[in-house]
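Scroll down for the structure; my scribbles are underneath it.
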Amino acid sequence: MDRRFPFKVLEHIFSFLDANEDRNSVSLVCKSWFETERRTRKRVFVGNCYAVNPLKVARRFPKMRSLTLKGKPHFADYNLVPDGWGGYAWPWIEAMAARRPLLEEIRLKRMVVTDECLEKIAASFRDFKTLVLTSCEGFSTDGIAAIASTCRKLRDLELRECNVDDLGGDWLSYFPETSTSLVSLDFSCLDSEIKLSDLERLLSRSPNLKSLKLNRSVTLDVLEGLLRRAPQLVELGTGSFSDELDPEEISKLTKALSELKQLKSLSGLWDLLPEYIPVLYSVCPRLTSLNLSYATVQMPDLVDLLSRCSKLQKLWVMDMIEDKGLKTVALCCKELRELRVFPSGADLDEEDVALTEQGLVSVSEGCKKLESVLYFCVQFTNAALVTIAKNRPNFRCFRLCVMEPFAPDYRTQQPLDEGFKAIVERCKDLRRLSVSGLLTDKAFEYIGVHAKKLRMLSIAFAGDSDLMLHHLLSGCESLKKLEIRDCPFGDTALLENAAKLETMRSLWMSSCFVSFGACKQLSQKMPRLNVEVIDEHPPKTRPDSSPVERIYIYRTVAGPRQDTPEFVWTIHKNPEVGVSRLSTR
Amino acid sequence: MDEFVNLKATELRLGLPGTDNVCEQRERASCNTNINKRALEADAENESESSRMKTETSQPRKAQIVGWPPVRSYRKNIIQTKKNESERESQGIYVKVSMDGAPYLRKIDLSCCKGYSDLVKALETMFKISVGEYSERDGYKGSEFVPTYEDKDGDWMLIGDVPWEMFVCSCKRLRIMKGSEAKGLGSVV
């Protein structure tokens, strides 16, 4: 009797598996499970575009409908990765175009996408529905026009924080003349002006549009007309909110906003003038997401707004909110799950610091559902961190940036070790952590002991010695991404914990004390790691013991990459070769 | 793990590889100075001309290190634009003032004046004249001198008619008219 599950039954069971982590586990059980899983996977996620060969991915998943890729290391966001480093989308687009023409969705983050890529996408995938580019670069509005004009079933076109060669707003007119299937459109990162009539006509023929994010050049006086054509919006990113309107225009705009009965998310609001805040009152009670990080308004005006947002779950704001404003948030926004407070860059004298650790303490007390925090602050205390941890053991993401490097607890002058210890001890579900301020090796011992679910850790200007890295690599079981800058550790911990690196997606280190010799050793020891050195000076011209500027180490089954620029050196596995400079494109 | 206690080998050094710019971690204050000096980028130097003048006596509150604080560059640019705008505002609103018969023009800072009376007083002092009181009906009746301004449309207007803020926004230059020409503007028939 055949005791195996019929293929069809297995396939049916696997169709209920959504999470790729589950699918990855399932595919390791046995060959027939591997085969069944791979034939049923529709959404493919590749966290490091250099970890695997695109052709292999294309071949493995015949039913692939959605592909998500990430390219550059996270620290590229802060200009720590030189231009030209890599992360090219082209090999992936080419491979998918040839083998997976039924692909419908492509989501790319921190990758170089050219107009050629976009034209290829438009030409190759007849059912193409979703293009989301986050922090990408290398393309122009011509490429966008190609997508708009050719992808007849396009639903989502989102350019989030991309660096686009903006050749003008013409691309808006390239959408099909008959009704479009657009559901979300985000061009907030573009600079140039778009033609109002093109946009108005597009809105009129896009009945399914739920999310619209305008760019800054769209002025306030035209907003009312746009909203009248899209009253079904769930997400709105306005353009500039600072032009002068006469009372009649203000009243019309207020009315138009109040008619957006489904609106849940509001962003944009560039240069929001305090006198226009009442215009937003009608949408506040329904809002679950509010991004005020471009609105340079002061605390009293912010309080006016936020005190009406009782359903708010996500709030992004600048530090002008001050402790007082955060107290209001703690009182009024009981549903808050995510808070980000960005630095406004205002010149801060000692007396003028109005955003302190108290603000975060208040929110942690009042907002019981708070689980994700990004907080920029000038200084902090251990006591505050301990209180915050006690209040909110449900943190999943805690990123604290004390902006003064090496800043101790400003009351006790002690390192912030005890504070972060409280965080990792109490927040058992912590997945992501960024630490800052004065920290000794002890802090990292605590993190290694307690942060068992931690997947991503960011460190800057911290620690005393190699012990710091050793604690992390030997303790944090779930660690997948580690990024470190300006810390004083060197070779020993890295070499001792080499095996750990193959269980992680990547490790970034810059301005530390890892020597070229250690990189060579590491590479030779670990066959499935790419050890890449980013350095202006060829490593060969310096002694093995000298530190290298930056290293990026990642696990891969694709071998050394072929597209490294002249300042990136992949350490060759063969000790005699030393450093490989493989063929250029 | 004795090899880990080799603090000297892993001492924090804030210098380029190969240099000897050592800084003990305990000396936090001097460390901060070193950070400030070490990692100043070229473009940071360009923009910090004015901020250097402000912070001559004290160290910059935030060290200018590459990629620190970890904020995306487009966020930095927004704040910078806002700061530039407010800096320009704090530099004053200087407009030219001409007086009929005077050999050369003067400049006056409108942002220093809180209202029309301040402005008129300043003009009287500057040119050693007497302008008199403004009235809506009669303008500056009885005065040999009438203060006027050129607005955005290029028209010559009597100072005092519109609200102060509106005046400041629309005023391009001032002119103190004198004598018979003044009479035409000075009194409304």
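Just so we're on the same page: first chain in the structure tokens is A, next is B, and so on; residues restart at 1 for each chain, and ligands are numbered from 1 in the order they show up.
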
*Could you name the residues that touch A:Gly225 at 12 Å or less, counting only C-alpha atoms, but leaving out those on the same chain fewer than 5 positions away, as a ChimeraX atom specification?*
/A:196-197,199-201,203-204,218-220,230-231,249,252-257

*Quick one: everything within 12 Å of stretch 166-168 of chain B, counting only C-alpha atoms, minus sequence neighbours fewer than 4 positions away in the same chain. Send it as a VMD selection string.*
chain B and resid 92 to 95 108 to 116 119 148 to 152 157 to 162 172 to 174

_All strand (DSSP E or B) residues (DSSP, backbone) inside stretch 181-308 of chain A, as a ChimeraX atom specification_ = /A:184-186,211-213,235-237,240,265-267,270,289-291

*asked:* Using only C-alpha atoms, which protein or nucleic acid residues come within 6 Å of stretch 82-93 of chain A? Drop anything in the same chain fewer than 5 positions from it, and give the result as an MDAnalysis selection string.
replied: chainID A and resid 54 71:72 111:113 117

_Residues of chain A within 7 Å of chain B, counting only C-alpha atoms, as a ChimeraX atom specification_ = /A:77-80,344-345,348,403-404,465-467,488-490,546-547

Store the residues of this selection in a file with N, CA, C and O atoms, as a PDB file, in the first residue's frame.
```pdb
ATOM      1  N   ASP A  77      21.298  53.698   3.949  1.00  0.00           N
ATOM      2  CA  ASP A  77      20.364  54.800   4.195  1.00  0.00           C
ATOM      3  C   ASP A  77      21.072  56.010   4.798  1.00  0.00           C
ATOM      4  O   ASP A  77      20.578  57.132   4.699  1.00  0.00           O
ATOM      5  N   TYR A  78      22.176  55.787   5.486  1.00  0.00           N
ATOM      6  CA  TYR A  78      22.864  56.881   6.170  1.00  0.00           C
ATOM      7  C   TYR A  78      24.187  57.202   5.488  1.00  0.00           C
ATOM      8  O   TYR A  78      25.146  57.627   6.128  1.00  0.00           O
ATOM      9  N   ASN A  79      24.254  56.940   4.202  1.00  0.00           N
ATOM     10  CA  ASN A  79      25.429  57.289   3.397  1.00  0.00           C
ATOM     11  C   ASN A  79      26.698  56.570   3.804  1.00  0.00           C
ATOM     12  O   ASN A  79      27.791  57.092   3.592  1.00  0.00           O
ATOM     13  N   LEU A  80      26.578  55.378   4.382  1.00  0.00           N
ATOM     14  CA  LEU A  80      27.787  54.651   4.744  1.00  0.00           C
ATOM     15  C   LEU A  80      28.212  53.661   3.658  1.00  0.00           C
ATOM     16  O   LEU A  80      29.243  53.017   3.761  1.00  0.00           O
ATOM     17  N   SER A 344      14.466  67.377  14.525  1.00  0.00           N
ATOM     18  CA  SER A 344      14.187  68.447  13.585  1.00  0.00           C
ATOM     19  C   SER A 344      15.445  69.192  13.215  1.00  0.00           C
ATOM     20  O   SER A 344      15.422  70.057  12.351  1.00  0.00           O
ATOM     21  N   GLY A 345      16.539  68.900  13.898  1.00  0.00           N
ATOM     22  CA  GLY A 345      17.769  69.609  13.581  1.00  0.00           C
ATOM     23  C   GLY A 345      17.779  71.007  14.150  1.00  0.00           C
ATOM     24  O   GLY A 345      18.631  71.809  13.831  1.00  0.00           O
ATOM     25  N   LEU A 348      19.997  73.085  19.546  1.00  0.00           N
ATOM     26  CA  LEU A 348      19.545  72.814  20.906  1.00  0.00           C
ATOM     27  C   LEU A 348      20.551  73.348  21.914  1.00  0.00           C
ATOM     28  O   LEU A 348      21.677  72.905  21.957  1.00  0.00           O
ATOM     29  N   MET A 403      21.583  61.127  20.531  1.00  0.00           N
ATOM     30  CA  MET A 403      22.328  61.716  19.424  1.00  0.00           C
ATOM     31  C   MET A 403      23.759  62.089  19.757  1.00  0.00           C
ATOM     32  O   MET A 403      24.576  62.251  18.865  1.00  0.00           O
ATOM     33  N   GLU A 404      24.066  62.207  21.024  1.00  0.00           N
ATOM     34  CA  GLU A 404      25.431  62.511  21.412  1.00  0.00           C
ATOM     35  C   GLU A 404      26.180  61.179  21.545  1.00  0.00           C
ATOM     36  O   GLU A 404      25.868  60.387  22.436  1.00  0.00           O
ATOM     37  N   SER A 465      35.650  46.163  23.966  1.00  0.00           N
ATOM     38  CA  SER A 465      36.600  45.182  23.455  1.00  0.00           C
ATOM     39  C   SER A 465      35.876  44.131  22.628  1.00  0.00           C
ATOM     40  O   SER A 465      34.681  44.210  22.408  1.00  0.00           O
ATOM     41  N   ASP A 466      36.641  43.112  22.228  1.00  0.00           N
ATOM     42  CA  ASP A 466      36.085  42.000  21.453  1.00  0.00           C
ATOM     43  C   ASP A 466      34.998  41.250  22.189  1.00  0.00           C
ATOM     44  O   ASP A 466      34.154  40.599  21.579  1.00  0.00           O
ATOM     45  N   LEU A 467      35.015  41.311  23.503  1.00  0.00           N
ATOM     46  CA  LEU A 467      33.998  40.634  24.303  1.00  0.00           C
ATOM     47  C   LEU A 467      32.599  41.025  23.856  1.00  0.00           C
ATOM     48  O   LEU A 467      31.684  40.208  23.824  1.00  0.00           O
ATOM     49  N   PRO A 488      35.121  49.337  19.033  1.00  0.00           N
ATOM     50  CA  PRO A 488      36.541  48.995  19.110  1.00  0.00           C
ATOM     51  C   PRO A 488      36.858  47.506  19.129  1.00  0.00           C
ATOM     52  O   PRO A 488      37.808  47.101  19.782  1.00  0.00           O
ATOM     53  N   PHE A 489      36.079  46.715  18.446  1.00  0.00           N
ATOM     54  CA  PHE A 489      36.452  45.315  18.505  1.00  0.00           C
ATOM     55  C   PHE A 489      37.211  44.930  17.249  1.00  0.00           C
ATOM     56  O   PHE A 489      37.186  45.608  16.234  1.00  0.00           O
ATOM     57  N   GLY A 490      37.871  43.805  17.321  1.00  0.00           N
ATOM     58  CA  GLY A 490      38.729  43.398  16.213  1.00  0.00           C
ATOM     59  C   GLY A 490      38.473  41.994  15.760  1.00  0.00           C
ATOM     60  O   GLY A 490      37.332  41.569  15.604  1.00  0.00           O
ATOM     61  N   SER A 546      46.626  45.638   9.220  1.00  0.00           N
ATOM     62  CA  SER A 546      45.980  46.954   9.246  1.00  0.00           C
ATOM     63  C   SER A 546      44.464  46.803   9.108  1.00  0.00           C
ATOM     64  O   SER A 546      43.980  45.918   8.405  1.00  0.00           O
ATOM     65  N   PRO A 547      43.722  47.662   9.792  1.00  0.00           N
ATOM     66  CA  PRO A 547      42.259  47.530   9.758  1.00  0.00           C
ATOM     67  C   PRO A 547      41.700  47.984   8.406  1.00  0.00           C
ATOM     68  O   PRO A 547      42.265  48.850   7.761  1.00  0.00           O
TER      69      PRO A 547
END
```

I'd like the neighbourhood of B:Ser117 as a PDB file with C-alpha atoms, in the first residue's frame, where a residue qualifies if any of its atoms comes within 12 Å (using only C-alpha atoms), though same-chain residues fewer than 6 positions away should be ignored.
```
ATOM      1  CA  LEU B 110      11.592  96.752   8.049  1.00  0.00           C
ATOM      2  CA  LEU B 123      12.581 107.760   8.507  1.00  0.00           C
ATOM      3  CA  GLU B 124      12.306 111.100  10.277  1.00  0.00           C
ATOM      4  CA  VAL B 131       6.462 113.735   8.286  1.00  0.00           C
ATOM      5  CA  GLY B 132       3.552 114.320  10.576  1.00  0.00           C
ATOM      6  CA  GLU B 133       0.578 112.224  11.465  1.00  0.00           C
ATOM      7  CA  TYR B 134      -1.184 109.831   9.167  1.00  0.00           C
ATOM      8  CA  PRO B 147       6.381 108.630   2.662  1.00  0.00           C
ATOM      9  CA  ILE B 159       2.451 104.354   3.473  1.00  0.00           C
ATOM     10  CA  GLY B 160      -0.134 103.595   6.128  1.00  0.00           C
ATOM     11  CA  TRP B 164       1.462  96.472   8.592  1.00  0.00           C
TER      12      TRP B 164
END
```

*Identify, on the basis of only C-alpha atoms, every residue whose closest approach to stretch 380-392 of chain A does not exceed 8 Å; exclude the query and any residue fewer than 3 positions from it along the same chain; express the result as a PyMOL selection string.*
chain A and resi 356-358+360-361+364-365+368+370-371+377+395+402+408-412+416-420+422-423+426-427+437

*Find the residues around stretch 554-563 of chain A up to 8 Å (only C-alpha atoms counted), leave out those fewer than 3 positions away in its own chain, and share them as a PyMOL selection string.*
chain A and resi 50-53+86+501-507+528-531+570+582-585

*asked:* Excluding A:Pro300 and its own-chain neighbours fewer than 2 positions away, which residues fall within 9 Å of it when counting only C-alpha atoms? Please give them as a PyMOL selection string.
replied: chain A and resi 297-298+302-305+321+324-325

Selection to disk with N, CA, C and O atoms, as a short mmCIF file (atom, residue, chain, number, x, y, z; two decimals), in the first residue's frame:
```
data_model
loop_
_atom_site.label_atom_id
_atom_site.label_comp_id
_atom_site.auth_asym_id
_atom_site.auth_seq_id
_atom_site.Cartn_x
_atom_site.Cartn_y
_atom_site.Cartn_z
N VAL A 297 5.39 72.11 12.54
CA VAL A 297 4.54 72.88 13.45
C VAL A 297 4.99 72.67 14.87
O VAL A 297 5.58 71.65 15.21
N GLN A 298 4.68 73.64 15.71
CA GLN A 298 5.13 73.61 17.10
C GLN A 298 4.15 72.83 17.97
O GLN A 298 3.05 72.48 17.55
N LEU A 302 0.40 70.98 17.47
CA LEU A 302 0.38 69.52 17.38
C LEU A 302 -0.62 68.95 18.36
O LEU A 302 -1.35 68.00 18.06
N VAL A 303 -0.66 69.53 19.54
CA VAL A 303 -1.58 69.04 20.58
C VAL A 303 -3.02 69.20 20.14
O VAL A 303 -3.84 68.29 20.30
N ASP A 304 -3.31 70.34 19.50
CA ASP A 304 -4.65 70.57 18.96
C ASP A 304 -5.08 69.44 18.06
O ASP A 304 -6.23 69.00 18.08
N LEU A 305 -4.15 69.01 17.26
CA LEU A 305 -4.45 67.98 16.28
C LEU A 305 -4.54 66.61 16.94
O LEU A 305 -5.52 65.87 16.79
N ILE A 321 7.40 68.09 18.98
CA ILE A 321 6.24 67.69 19.77
C ILE A 321 6.52 67.85 21.26
O ILE A 321 5.61 68.04 22.05
N LYS A 324 5.65 67.66 26.39
CA LYS A 324 4.24 68.02 26.64
C LYS A 324 3.33 67.38 25.60
O LYS A 324 2.26 66.86 25.91
N GLY A 325 3.76 67.46 24.35
CA GLY A 325 2.93 66.90 23.29
C GLY A 325 2.81 65.39 23.43
O GLY A 325 1.75 64.82 23.19
#
```

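Taking atom CA of A:Cys136 and atom CA of A:Leu159 as endpoints, the distance between them is 8.3 Å.
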
Would you list, as a CSV table (one decimal) with N, CA and C atoms, in the first residue's frame, the residues of stretch 61-170 of chain B that end up in helix (DSSP H, G or I) under DSSP run on this structure's backbone?
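Wrote it out as part38.csv, contents follow:
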```
chain,number,residue,atom,x,y,z
B,73,SER,N,18.9,61.2,4.3
B,73,SER,CA,19.3,62.5,3.9
B,73,SER,C,18.2,63.4,3.4
B,74,TYR,N,17.1,62.9,2.9
B,74,TYR,CA,16.0,63.7,2.5
B,74,TYR,C,15.3,64.4,3.7
B,75,ARG,N,15.4,63.7,4.8
B,75,ARG,CA,14.8,64.3,6.1
B,75,ARG,C,15.7,65.5,6.5
B,76,LYS,N,17.0,65.3,6.4
B,76,LYS,CA,18.0,66.3,6.7
B,76,LYS,C,17.7,67.6,5.9
B,77,ASN,N,17.5,67.3,4.6
B,77,ASN,CA,17.4,68.4,3.7
B,77,ASN,C,16.2,69.3,4.0
B,78,ILE,N,15.1,68.6,4.4
B,78,ILE,CA,13.9,69.4,4.7
B,78,ILE,C,14.1,70.4,5.8
B,79,ILE,N,14.7,69.9,6.9
B,79,ILE,CA,15.0,70.7,8.0
B,79,ILE,C,16.0,71.8,7.6
B,80,GLN,N,17.0,71.5,6.8
B,80,GLN,CA,17.9,72.5,6.4
B,80,GLN,C,17.3,73.6,5.6
B,81,THR,N,16.3,73.2,4.7
B,81,THR,CA,15.6,74.3,4.0
B,81,THR,C,14.9,75.2,4.9
B,82,LYS,N,14.2,74.6,5.9
B,82,LYS,CA,13.5,75.4,6.9
B,82,LYS,C,14.4,76.3,7.6
B,83,LYS,N,15.6,75.8,8.0
B,83,LYS,CA,16.5,76.6,8.8
B,83,LYS,C,17.0,77.7,7.9
B,84,ASN,N,17.3,77.5,6.6
B,84,ASN,CA,17.8,78.5,5.8
B,84,ASN,C,16.8,79.6,5.6
B,85,GLU,N,15.5,79.2,5.5
B,85,GLU,CA,14.4,80.2,5.4
B,85,GLU,C,14.4,81.0,6.6
B,86,SER,N,14.4,80.4,7.8
B,86,SER,CA,14.3,81.2,9.0
B,86,SER,C,15.5,82.1,9.2
B,87,GLU,N,16.7,81.6,8.7
B,87,GLU,CA,17.9,82.4,8.9
B,87,GLU,C,17.8,83.6,8.0
B,88,ARG,N,17.3,83.4,6.8
B,88,ARG,CA,17.1,84.6,5.9
B,88,ARG,C,16.2,85.6,6.6
B,89,GLU,N,15.1,85.1,7.2
B,89,GLU,CA,14.2,86.0,7.8
B,89,GLU,C,14.9,86.8,9.0
B,90,SER,N,15.7,86.1,9.7
B,90,SER,CA,16.3,86.8,10.8
B,90,SER,C,17.4,87.7,10.4
B,110,LEU,N,13.0,96.7,7.7
B,110,LEU,CA,11.6,96.8,8.0
B,110,LEU,C,11.3,95.8,9.2
B,111,SER,N,12.1,94.8,9.3
B,111,SER,CA,11.8,93.8,10.4
B,111,SER,C,12.1,94.4,11.8
B,112,CYS,N,12.9,95.5,11.8
B,112,CYS,CA,13.1,96.2,13.1
B,112,CYS,C,12.0,97.0,13.6
B,116,TYR,N,3.8,101.1,11.8
B,116,TYR,CA,4.1,102.3,11.0
B,116,TYR,C,4.7,103.4,11.8
B,117,SER,N,4.3,103.6,13.1
B,117,SER,CA,4.9,104.7,13.8
B,117,SER,C,6.4,104.5,14.0
B,118,ASP,N,6.8,103.2,14.2
B,118,ASP,CA,8.3,103.0,14.3
B,118,ASP,C,8.9,103.4,13.0
B,119,LEU,N,8.3,103.0,11.9
B,119,LEU,CA,8.9,103.2,10.6
B,119,LEU,C,9.0,104.7,10.3
B,120,VAL,N,7.9,105.4,10.6
B,120,VAL,CA,7.9,106.9,10.3
B,120,VAL,C,9.0,107.5,11.2
B,121,LYS,N,9.0,107.2,12.4
B,121,LYS,CA,10.1,107.8,13.3
B,121,LYS,C,11.4,107.5,12.8
B,122,ALA,N,11.7,106.3,12.3
B,122,ALA,CA,13.0,105.9,11.8
B,122,ALA,C,13.3,106.8,10.6
B,123,LEU,N,12.3,107.0,9.7
B,123,LEU,CA,12.6,107.8,8.5
B,123,LEU,C,12.9,109.2,8.9
B,124,GLU,N,12.1,109.7,9.8
B,124,GLU,CA,12.3,111.1,10.3
B,124,GLU,C,13.7,111.3,10.8
B,125,THR,N,14.2,110.3,11.6
B,125,THR,CA,15.5,110.4,12.2
B,125,THR,C,16.6,110.3,11.1
B,126,MET,N,16.3,109.4,10.1
B,126,MET,CA,17.3,109.1,9.1
B,126,MET,C,17.6,110.3,8.2
B,127,PHE,N,16.5,111.0,7.9
B,127,PHE,CA,16.6,112.0,6.9
B,127,PHE,C,16.4,113.4,7.5
B,164,TRP,N,0.0,96.5,8.6
B,164,TRP,CA,1.5,96.5,8.6
B,164,TRP,C,2.1,95.2,7.9
B,165,GLU,N,1.5,94.0,8.3
B,165,GLU,CA,2.1,92.8,7.8
B,165,GLU,C,2.0,92.8,6.2
B,166,MET,N,0.8,93.2,5.7
B,166,MET,CA,0.6,93.2,4.3
B,166,MET,C,1.6,94.2,3.7
B,167,PHE,N,1.8,95.3,4.3
B,167,PHE,CA,2.8,96.3,3.8
B,167,PHE,C,4.2,95.7,3.7
B,168,VAL,N,4.6,95.0,4.8
B,168,VAL,CA,6.0,94.5,4.8
B,168,VAL,C,6.1,93.5,3.7
B,169,CYS,N,5.1,92.7,3.4
B,169,CYS,CA,5.2,91.6,2.4
B,169,CYS,C,5.3,92.2,1.0
B,170,SER,N,4.5,93.4,0.8
B,170,SER,CA,4.4,93.9,-0.6
B,170,SER,C,5.3,95.0,-0.9
```
